[in-house]
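Chemist: This is the structure, below, for whatever I ask next.
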Amino acid sequence: MAAPPSTPPRTPPPLRVRPARPLRRGRRGAAALFLTPFFALFTVVTLAPVGYAGWMSLYREQSSGLGFGGVERTFSGVANYSGVLADPAFRTSFLNVAAYCVAYIPVMIGGALALALLVDSAYARAKRFFQLALFLPHAVPGLIAAIIWIYLYTPGLSPVIEWIDGAGGSWNFFSPGNSLSSVVNIAVWQWAGYNMVIFFAALQAVPREVIEAATVDGAGAWRIALRIKVPIIRSSVVMTVLFTCVGAVQLFTEPKLLSDKAQALGNDWSPTMYIVSKAFIDQDYASAAAASLLLALVAGALSYAVTRIGKRWQEA
């Protein structure tokens, strides 16, 4: 008996993709209503000061009539920029911040990542307590934190100095050779816990089945941490390094307060200290505006470089 002829398979009709409809007038109005406050504040707080600083950097105020004719504003073009770039103090301030970044960023990022991995490990207990305890230093304002550490650095007041002297050692936190490490110590104490919380939150998103599979395959805790957890949270590490670099360029509070006792820091140790010194000590607002815009360009270039390097690391 002959087999019945097989029916050819029916091909499903092609899916119709509806073209995206433009936003209706009501939806566009709602979007504009929510975006307007942001752009208004961004214009007032960011764009307007930057524009005013750019205008100030192109002029210079000079007294006329032997000081009796008032102040005359003259157009100077890029002379303020060239004068700031030719100032050795301005160039040295960037070298100081570069040395600060070399010492600060690896210690802070490495310490925060190590603390996050320890708190996230299966052997950790009281995780909530350690998260709160490590985050508390960041809750202290930078000004108060610097004052606390100045007290801990001052001989005759600091119990730390007494412990070091009692152990037969000697250490001067304000000496020229130790002033940089004193600034780094304050910043690490204040920001390590904050970045630890970021890393710990990223570690919570690591798939647990991946960790369980690695454990079944015989991977130890160190290999799981370095070969699985850290590569998965690379985006959080790059973001933290980016914010840390931008914040390091704007370093001001810690070295400014320590400069009264640490003579090596001075009034223009960092670029922001140089800008404040030019504006409020030398009364040279044009040069201060030019220096601030140059600092913004350096921060933007540094952000771009860190983003590019981090993107390559994530794609590797």
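Following the order of the structure tokens, chains are lettered A, B, ..., residues in each are numbered from 1, and ligands are numbered from 1.
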Would you mind listing what lies within 12 Å of region 103-105 of chain A as a compact mmCIF listing (two decimals) with C-alpha atoms, in the first residue's frame, with only C-alpha atoms counted and same-chain residues fewer than 5 positions away left out?
Modeler:
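Listed below is the output, result_34.txt:
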# COMPACT_ATOMS: atom_id res chain seq x y z
CA ASN A 96 52.80 66.45 43.21
CA VAL A 97 49.34 65.19 42.32
CA ALA A 98 50.87 62.60 39.98
CA GLY A 110 43.50 47.37 46.03
CA GLY A 111 42.49 47.74 49.67
CA ALA A 112 38.83 48.37 48.85
CA LEU A 113 38.76 45.40 46.47
CA LEU A 180 52.82 62.80 51.07
CA SER A 181 52.14 59.55 52.91
CA SER A 182 50.25 61.50 55.57
CA VAL A 183 47.93 62.95 52.93
CA VAL A 184 47.50 59.54 51.28
CA ASN A 185 46.65 57.96 54.62
CA ILE A 186 43.79 60.41 55.25
CA ALA A 187 42.33 59.88 51.77
CA VAL A 188 42.58 56.08 52.00
CA TRP A 189 40.94 56.07 55.43
CA GLN A 190 38.05 58.15 54.10
CA TRP A 191 37.42 56.53 50.70
CA ALA A 192 38.37 52.87 51.00
CA ASN A 195 34.61 52.02 47.26
CA VAL A 237 36.65 48.75 39.01
CA VAL A 238 37.08 50.98 35.95
CA THR A 240 35.90 53.59 40.57
CA VAL A 241 39.36 54.27 39.13
CA LEU A 242 37.84 56.96 36.90
CA PHE A 243 36.13 58.75 39.78
CA THR A 244 39.25 58.39 41.92
CA CYS A 245 41.48 59.98 39.27
CA VAL A 246 39.10 62.91 38.79
CA GLY A 247 38.86 63.40 42.55
CA ALA A 248 42.64 63.18 42.97
CA VAL A 249 43.19 65.98 40.46
CA LEU A 251 42.70 67.38 45.83
Chemist: Report as a ChimeraX atom specification all protein, DNA and RNA residues lying within 10 Å of Pro231 (chain A), evaluated on only C-alpha atoms, omitting residues in the same chain fewer than 5 positions from it.
Modeler: /A:225-226,237,313-314,316
Chemist: What separation in Å, quoted to one decimal, exists between CA of Met273 (chain A) and CA of Trp171 (chain A)?
Modeler: 26.6 Å
Chemist: Find the residues near Ala114 (chain A): any atom within 12 Å, counting only C-alpha atoms, skip ones fewer than 2 places away on the same chain, and give them as a ChimeraX atom specification.
Modeler: /A:106-112,116-121,192-193,195-197,199-200,203,222,225-226,229-230
Chemist: Which residues, written as a list of chain:residue names, have at least one atom at most 7 Å from region 287-303 of chain A, with only C-alpha atoms counted and residues fewer than 4 positions away on the same chain left out?
Modeler: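 So the residues in contact are A:Ala53, A:Gly54, A:Met56, A:Ser57, A:Asn80, A:Tyr81, A:Val84, A:Leu242, A:Val246, A:Val249, A:Ile275, A:Lys278, A:Ala279, A:Thr307.
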Chemist: Quick one: pull the distance between CA of Pro155 (chain A) and CA of Lys256 (chain A), Å, one decimal.
Modeler: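 Going from CA of Pro155 (chain A) over to CA of Lys256 (chain A), I get 19.4 Å.
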Chemist: Extract the full set of alpha helix (DSSP H) residues from region 95-267 of chain A according to DSSP on the backbone, and format it as a PyMOL selection string.
Modeler: chain A and resi 95-120+127-139+142-153+159-166+179-203+208-216+221-224+230-232+234-249+253-258
Chemist: Which residue gives the smallest distance to Pro255 (chain A) among A:Pro49, A:Leu143, A:Asp87, A:Trp163, with only C-alpha atoms counted?
Modeler: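 Going through A:Pro49, A:Leu143, A:Asp87, A:Trp163 one by one, the smallest distance to Pro255 (chain A) is for A:Leu143.
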Chemist: One number please: CA of Val276 (chain A) to CA of Asn172 (chain A), in Å, one decimal.
Modeler: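 Separation between CA of Val276 (chain A) and CA of Asn172 (chain A): 27.7 Å.
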Chemist: Residues near Ile161 (chain A), anyone? I mean within 12 Å using only C-alpha atoms, not counting same-chain ones fewer than 5 positions away, as a list in words.
Modeler: Trp149, Ile150, Tyr151, Leu152, Tyr153, Thr154, Pro155, Gly156, Gly166, Ala167, Gly168, Gly169, Ser170, Trp171, Asn172 and Phe173 of chain A
